[in-house]
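As stored in final01.cif (mmCIF, C-alpha atoms):
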data_final
loop_
_atom_site.label_atom_id
_atom_site.label_comp_id
_atom_site.auth_asym_id
_atom_site.auth_seq_id
_atom_site.Cartn_x
_atom_site.Cartn_y
_atom_site.Cartn_z
CA MET V 281 0.00 0.00 0.00
CA SER V 282 1.42 3.39 -1.01
CA ASN V 283 2.07 5.93 1.73
CA ALA V 284 -0.39 8.36 0.15
CA ARG V 285 -3.10 5.70 -0.11
CA ASN V 286 -2.54 4.67 3.50
CA SER V 287 -2.71 8.29 4.68
CA VAL V 288 -5.95 9.00 2.83
CA LEU V 289 -7.67 5.79 3.93
CA SER V 290 -6.60 6.28 7.56
CA ALA V 291 -7.54 9.96 7.56
CA THR V 292 -10.95 9.47 5.96
CA ALA V 293 -11.72 6.56 8.30
CA ASP V 294 -11.10 8.86 11.27
CA LEU V 295 -12.79 11.91 9.78
CA PHE V 296 -15.80 10.46 7.98
CA GLY V 297 -16.00 6.99 9.50
CA ARG V 298 -15.58 7.84 13.17
CA LYS V 299 -16.72 11.46 12.62
CA ASP V 300 -13.87 12.61 14.84
CA PRO V 301 -13.16 16.38 14.52
CA SER V 302 -9.88 15.96 16.44
CA ALA V 303 -8.58 13.85 13.53
CA VAL V 304 -8.08 17.13 11.68
CA ASP V 305 -5.12 17.80 13.97
CA ARG V 306 -3.54 14.44 13.12
CA TRP V 307 -4.23 14.22 9.42
CA VAL V 308 -4.76 17.66 7.85
CA ALA V 309 -2.06 20.14 6.84
CA ALA V 310 -2.18 23.65 8.23
CA ASP V 311 -2.41 25.08 4.70
CA TYR V 312 -5.15 22.64 3.59
CA ARG V 313 -6.61 23.88 0.33
CA GLN V 314 -10.26 23.16 -0.36
CA HIS V 315 -11.93 22.96 -3.80
CA SER V 316 -15.25 21.41 -2.72
CA SER V 317 -18.43 23.46 -2.91
CA LEU V 318 -19.38 22.11 0.53
CA ALA V 319 -16.72 23.70 2.74
CA ALA V 320 -14.57 26.78 3.09
CA ASP V 321 -10.79 26.75 2.87
CA GLY V 322 -8.50 25.48 5.62
CA PRO V 323 -8.51 22.82 8.34
CA GLU V 324 -10.91 24.65 10.67
CA ALA V 325 -13.68 24.62 8.06
CA LEU V 326 -13.15 20.87 7.64
CA ARG V 327 -13.32 20.46 11.42
CA GLU V 328 -16.67 22.27 11.44
CA LEU V 329 -17.95 20.05 8.62
CA ILE V 330 -16.98 16.87 10.49
CA ALA V 331 -18.46 18.14 13.76
CA GLY V 332 -21.75 18.85 12.00
CA LEU V 333 -22.21 15.45 10.36
CA PRO V 334 -25.57 13.92 11.33
CA GLU V 335 -25.99 10.75 13.34
CA GLY V 336 -26.90 8.62 10.33
CA PHE V 337 -24.02 9.79 8.16
CA ARG V 338 -21.82 7.11 6.61
CA TYR V 339 -19.55 6.59 3.60
CA GLU V 340 -19.62 3.45 1.48
CA GLY V 341 -16.40 3.11 -0.48
CA ALA V 342 -16.27 1.45 -3.89
CA ARG V 343 -12.73 1.92 -5.21
CA VAL V 344 -9.43 3.69 -4.52
CA ILE V 345 -6.90 4.91 -7.12
CA ALA V 346 -3.48 6.03 -5.91
CA ASP V 347 -1.17 7.92 -8.25
CA GLY V 348 1.88 9.55 -6.67
CA ASP V 349 0.70 12.15 -4.18
CA LEU V 350 -2.89 12.02 -5.47
CA VAL V 351 -5.48 9.53 -4.22
CA ALA V 352 -8.98 9.31 -5.71
CA LEU V 353 -11.92 7.73 -3.89
CA HIS V 354 -15.14 6.58 -5.54
CA GLY V 355 -18.09 5.80 -3.33
CA THR V 356 -21.42 6.82 -1.86
CA TYR V 357 -22.24 9.24 0.95
CA HIS V 358 -25.33 8.62 3.05
CA GLY V 359 -26.63 11.45 5.22
CA PHE V 360 -25.24 14.49 3.39
CA GLY V 361 -28.72 15.22 2.03
CA PRO V 362 -32.20 13.76 1.74
CA GLY V 363 -30.86 10.91 -0.42
CA PRO V 364 -27.53 9.13 -0.98
CA LEU V 365 -24.92 10.81 -3.16
CA VAL V 366 -22.39 9.08 -5.39
CA ALA V 367 -19.06 10.89 -5.22
CA PHE V 368 -15.52 11.19 -6.43
CA ASP V 369 -13.02 12.68 -3.96
CA ILE V 370 -9.42 13.51 -4.83
CA PHE V 371 -6.87 14.21 -2.12
CA ARG V 372 -3.32 15.48 -2.49
CA VAL V 373 -1.03 14.24 0.27
CA ASP V 374 2.02 16.25 1.32
CA ALA V 375 5.49 14.98 2.19
CA ASP V 376 4.45 14.59 5.83
CA GLY V 377 1.56 12.27 4.95
CA ARG V 378 -1.09 14.90 5.65
CA LEU V 379 -4.07 15.85 3.52
CA ALA V 380 -3.01 19.03 1.73
CA GLU V 381 -5.69 19.56 -0.93
CA HIS V 382 -9.14 18.21 -1.83
CA TRP V 383 -11.43 18.18 -4.86
CA ASP V 384 -14.81 16.45 -5.22
CA ALA V 385 -17.98 16.02 -7.23
CA LEU V 386 -21.28 14.56 -6.03
CA ALA V 387 -24.53 13.53 -7.70
CA PRO V 388 -27.74 11.84 -6.51
CA VAL V 389 -27.86 8.06 -6.60
CA VAL V 390 -30.28 6.81 -9.26
CA GLU V 391 -31.89 3.47 -8.48
CA ASP V 392 -33.39 2.70 -11.92
CA THR V 393 -30.57 3.04 -14.44
CA ALA V 394 -30.61 2.53 -18.21
CA SER V 395 -27.99 -0.23 -18.08
CA GLY V 396 -29.24 -1.93 -14.93
CA ARG V 397 -25.84 -1.26 -13.36
CA SER V 398 -25.44 0.98 -10.33
CA GLN V 399 -23.27 4.09 -10.36
CA THR V 400 -20.58 2.36 -8.30
CA ASP V 401 -20.74 -1.41 -8.86
CA GLY V 402 -18.35 -3.43 -11.01
CA PRO V 403 -14.66 -4.35 -10.69
CA ALA V 404 -12.85 -2.45 -7.95
CA GLU V 405 -9.43 -4.01 -7.37
CA VAL V 406 -6.32 -3.02 -9.32
CA THR V 407 -5.09 -6.27 -10.87
CA ALA V 408 -2.62 -5.02 -13.49
CA PRO V 409 -0.42 -2.29 -11.95
CA GLU V 410 2.16 -2.77 -14.69
CA THR V 411 -0.30 -1.30 -17.23
CA THR V 412 -0.60 2.08 -15.48
CA GLY V 413 1.59 4.04 -17.87
CA ALA V 414 0.06 2.67 -21.05
CA ASN V 415 -3.49 3.08 -19.76
CA ARG V 416 -2.81 6.64 -18.60
CA ALA V 417 -1.47 7.52 -22.06
CA LEU V 418 -4.42 5.89 -23.82
CA VAL V 419 -7.06 7.67 -21.77
CA ALA V 420 -5.22 11.02 -21.85
CA ASP V 421 -5.11 10.79 -25.65
CA PHE V 422 -8.80 9.82 -25.71
CA ALA V 423 -9.64 12.83 -23.53
CA ARG V 424 -7.66 15.15 -25.80
CA LYS V 425 -8.96 13.89 -29.14
CA VAL V 426 -12.48 12.71 -28.36
CA LEU V 427 -13.70 14.50 -25.23
CA VAL V 428 -12.16 17.91 -25.83
CA GLY V 429 -11.51 17.60 -29.57
CA ALA V 430 -14.94 16.02 -30.27
CA ASP V 431 -13.41 13.79 -32.97
CA TYR V 432 -15.82 10.86 -32.75
CA SER V 433 -14.41 9.28 -35.92
CA VAL V 434 -11.62 7.78 -33.76
CA LEU V 435 -13.91 6.62 -30.95
CA THR V 436 -13.36 2.92 -31.61
CA ASP V 437 -9.59 3.42 -31.47
CA TYR V 438 -10.10 3.83 -27.72
CA ILE V 439 -13.40 2.19 -26.70
CA SER V 440 -14.07 -1.50 -27.19
CA THR V 441 -16.79 -2.34 -29.70
CA GLU V 442 -17.36 -5.67 -27.95
CA THR V 443 -17.59 -4.74 -24.25
CA TYR V 444 -18.45 -1.32 -22.87
CA HIS V 445 -20.15 -1.49 -19.48
CA GLN V 446 -21.86 1.78 -18.67
CA HIS V 447 -22.60 3.19 -15.19
CA ASN V 448 -23.90 6.61 -16.21
CA PRO V 449 -27.52 6.19 -15.06
CA GLU V 450 -29.02 7.52 -18.30
CA ALA V 451 -26.97 5.48 -20.78
CA ALA V 452 -27.28 1.81 -21.67
CA ASP V 453 -24.31 -0.49 -22.24
CA GLY V 454 -22.25 -0.31 -25.42
CA LEU V 455 -21.38 2.49 -27.81
CA ALA V 456 -24.92 2.38 -29.20
CA GLY V 457 -26.34 2.90 -25.73
CA PHE V 458 -24.15 5.90 -25.13
CA GLY V 459 -24.97 7.33 -28.57
CA ALA V 460 -28.69 7.06 -27.89
CA ALA V 461 -28.30 8.83 -24.54
CA ALA V 462 -26.17 11.58 -26.12
CA ALA V 463 -28.87 12.17 -28.75
CA ILE V 464 -31.52 12.59 -26.03
CA TRP V 465 -29.25 14.96 -24.09
CA ALA V 466 -28.71 17.05 -27.23
CA GLU V 467 -32.49 17.34 -27.71
CA GLN V 468 -32.65 18.60 -24.13
CA GLY V 469 -29.99 21.24 -24.84
CA LYS V 470 -27.35 19.33 -22.89
CA ASN V 471 -24.55 18.72 -25.37
CA LEU V 472 -21.44 17.08 -23.90
CA LEU V 473 -18.90 19.86 -24.15
CA TYR V 474 -15.46 19.30 -22.62
CA LYS V 475 -13.27 22.40 -22.51
CA THR V 476 -10.33 21.61 -20.23
CA VAL V 477 -8.83 18.42 -18.80
CA HIS V 478 -7.45 19.23 -15.35
CA LYS V 479 -6.24 15.87 -14.03
CA VAL V 480 -5.59 12.34 -15.25
CA ILE V 481 -5.12 9.93 -12.31
CA ALA V 482 -4.19 6.35 -13.07
CA GLU V 483 -3.49 3.10 -11.29
CA GLY V 484 -3.46 -0.17 -13.19
CA GLU V 485 -6.56 -0.57 -15.31
CA PHE V 486 -8.36 2.43 -13.76
CA VAL V 487 -7.96 5.99 -15.06
CA LEU V 488 -9.88 8.97 -13.66
CA VAL V 489 -10.21 12.14 -15.75
CA GLN V 490 -11.27 15.40 -14.08
CA SER V 491 -12.48 17.93 -16.64
CA GLU V 492 -14.30 21.23 -16.95
CA GLY V 493 -16.99 21.95 -19.51
CA GLU V 494 -20.68 22.38 -20.12
CA PHE V 495 -23.69 20.08 -20.01
CA GLY V 496 -26.45 22.61 -20.52
CA VAL V 497 -24.79 24.55 -17.69
CA PRO V 498 -21.14 24.81 -16.59
CA VAL V 499 -20.12 21.49 -15.02
CA ALA V 500 -17.28 19.48 -13.55
CA TYR V 501 -16.87 16.11 -15.27
CA TYR V 502 -15.37 13.19 -13.37
CA ASP V 503 -15.01 10.21 -15.73
CA LEU V 504 -13.55 6.93 -14.51
CA PHE V 505 -12.51 4.42 -17.16
CA ARG V 506 -11.42 0.79 -16.89
CA VAL V 507 -9.02 -0.36 -19.59
CA THR V 508 -8.39 -3.93 -20.70
CA ASP V 509 -5.98 -4.97 -23.47
CA GLY V 510 -5.59 -1.41 -24.72
CA LYS V 511 -9.31 -0.58 -24.93
CA ILE V 512 -11.76 1.18 -22.60
CA VAL V 513 -14.30 -1.42 -21.45
CA GLU V 514 -16.12 0.31 -18.57
CA HIS V 515 -17.14 3.82 -17.51
CA TRP V 516 -18.39 5.48 -14.34
CA ASP V 517 -18.99 9.20 -13.95
CA VAL V 518 -20.31 12.14 -11.98
CA ILE V 519 -21.41 15.31 -13.78
CA ALA V 520 -21.72 18.09 -11.20
CA PRO V 521 -22.99 21.63 -11.94
CA ILE V 522 -20.54 24.38 -10.99
CA PRO V 523 -22.19 26.66 -8.40
CA PRO V 524 -22.13 30.40 -9.19
CA VAL V 525 -20.71 31.08 -5.71
CA LEU V 526 -18.22 28.95 -3.76
CA PRO V 527 -17.27 29.19 -0.05
CA HIS V 528 -13.65 29.83 -1.09
CA THR V 529 -11.66 31.39 -3.95
CA ASN V 530 -9.92 28.22 -5.17
CA SER V 531 -12.43 27.15 -7.89
CA LEU V 532 -13.59 23.53 -8.18
CA PHE V 533 -10.40 22.63 -10.05
#
So that I can check it, write out the structure of this file as structure tokens.
Amino acid sequence: MSNARNSVLSATADLFGRKDPSAVDRWVAADYRQHSSLAADGPEALRELIAGLPEGFRYEGARVIADGDLVALHGTYHGFGPGPLVAFDIFRVDADGRLAEHWDALAPVVEDTASGRSQTDGPAEVTAPETTGANRALVADFARKVLVGADYSVLTDYISTETYHQHNPEAADGLAGFGAAAAIWAEQGKNLLYKTVHKVIAEGEFVLVQSEGEFGVPVAYYDLFRVTDGKIVEHWDVIAPIPPVLPHTNSLF
């Protein structure tokens, strides 16, 4: 287990599992930089957030991706609102093993999905760490050419035509399923527009892309891909609207 992964899992277990505000002193850097729309900057704002968590609050983790000093978590929060929220969290860990920076995106859990898959189920364990570099390069190129460049003529250079498991709640499996969903979104005035890729975080077969764009309104895109034999075979995501006002000046990115 990487040091960064261990730090994040230990810190989040204390903070969000045990709901222990004093864990901020053990695990959070003094210059903690916040990008979430849910909290202000700095460790004291995080302490207030933890102290205010309701009795029924809990986090259900699905997968962890560690890449250098960045660790991404994919899971579900219960108790943040009236219903459960699927979320991606990214933490940057400093040289002392403390949480130094945080980004996130959350969306409501949808029970009845187009594919029949949940927003978090599917393979979770990294089984091919030796493929990290190749998979990072593949997905980064896909993000540049297809997501931002909108060159769909090369789509099958990156996504498998045989297996493409979809976890976006409005899209069915396969490229045809995604195409049908995209057509409906376009009719609703919600074209998938990616403007800037901010982060590509990879470990083994999993690659998370954090992007900025529009989906009817300005949004943060978090797209998680699973790669097998040089092709994308599975996709999870959260598309989160960017609030007009944030409790800090750091932006969501």
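Of the residues listed (V:Trp465, V:Phe486, V:Tyr339, V:Phe371), V:Phe371 shows the shortest atom-to-atom separation from Asn286 in chain V; distances use only C-alpha atoms.
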(request) Enumerate, as a count of residues only, the protein, DNA and RNA residues whose atoms approach (0.3, 0.9, -11.8) to within 10 Å, taking into account all atoms listed in the file and the coordinate frame of the file. (result) 19
(message) Under the rule that all atoms listed in the file are counted, which of V:Ala520, V:Ala451, V:Ala367, V:Leu427 is the nearest residue to Val497 in chain V?
(response) V:Ala520
(request) Up to 12 Å from (-11.8, 26.6, 2.9) in the file's coordinates: name the residues, counting all atoms listed in the file, as a PyMOL selection string. (result) chain V and resi 310-329+380-383+526-532
(message) I'd like to know which of V:Gly510, V:Asp376, V:Ala394, V:Thr436 is closest to Gly457 in chain V, using only C-alpha atoms.
(response) V:Ala394
(request) Write out as a PyMOL selection string the residues lying within 8 Å of Glu450 in chain V, counting only C-alpha atoms and excluding same-chain residues fewer than 5 positions away. (result) chain V and resi 393-395+461
Could those selected residues go to a file with C-alpha atoms, as a PDB file, in the frame of the given file?
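selection-v9.pdb, freshly written:
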ATOM      1  CA  THR V 393     -30.570   3.040 -14.440  1.00  0.00           C
ATOM      2  CA  ALA V 394     -30.610   2.530 -18.210  1.00  0.00           C
ATOM      3  CA  SER V 395     -27.990  -0.230 -18.080  1.00  0.00           C
ATOM      4  CA  ALA V 461     -28.300   8.830 -24.540  1.00  0.00           C
TER       5      ALA V 461
END
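Interatomic distance, CA of Ile464 in chain V against CA of Glu494 in chain V: 15.8 Å.
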(request) Could you jot down the CA of Phe296 in chain V to CA of Asp392 in chain V separation for me, Å, one decimal place? (result) 27.7 Å
(request) Have a look at CA of Asp369 in chain V and CA of Leu386 in chain V and let me know their distance in Å, one decimal. (result) 8.7 Å
(request) Compile the contact shell of range 351-362 of chain V as a PyMOL selection string: residues with an atom at most 7 Å away, counting all atoms listed in the file, same-chain residues fewer than 3 positions apart removed. (result) chain V and resi 284-285+334+336-347+365-372+400
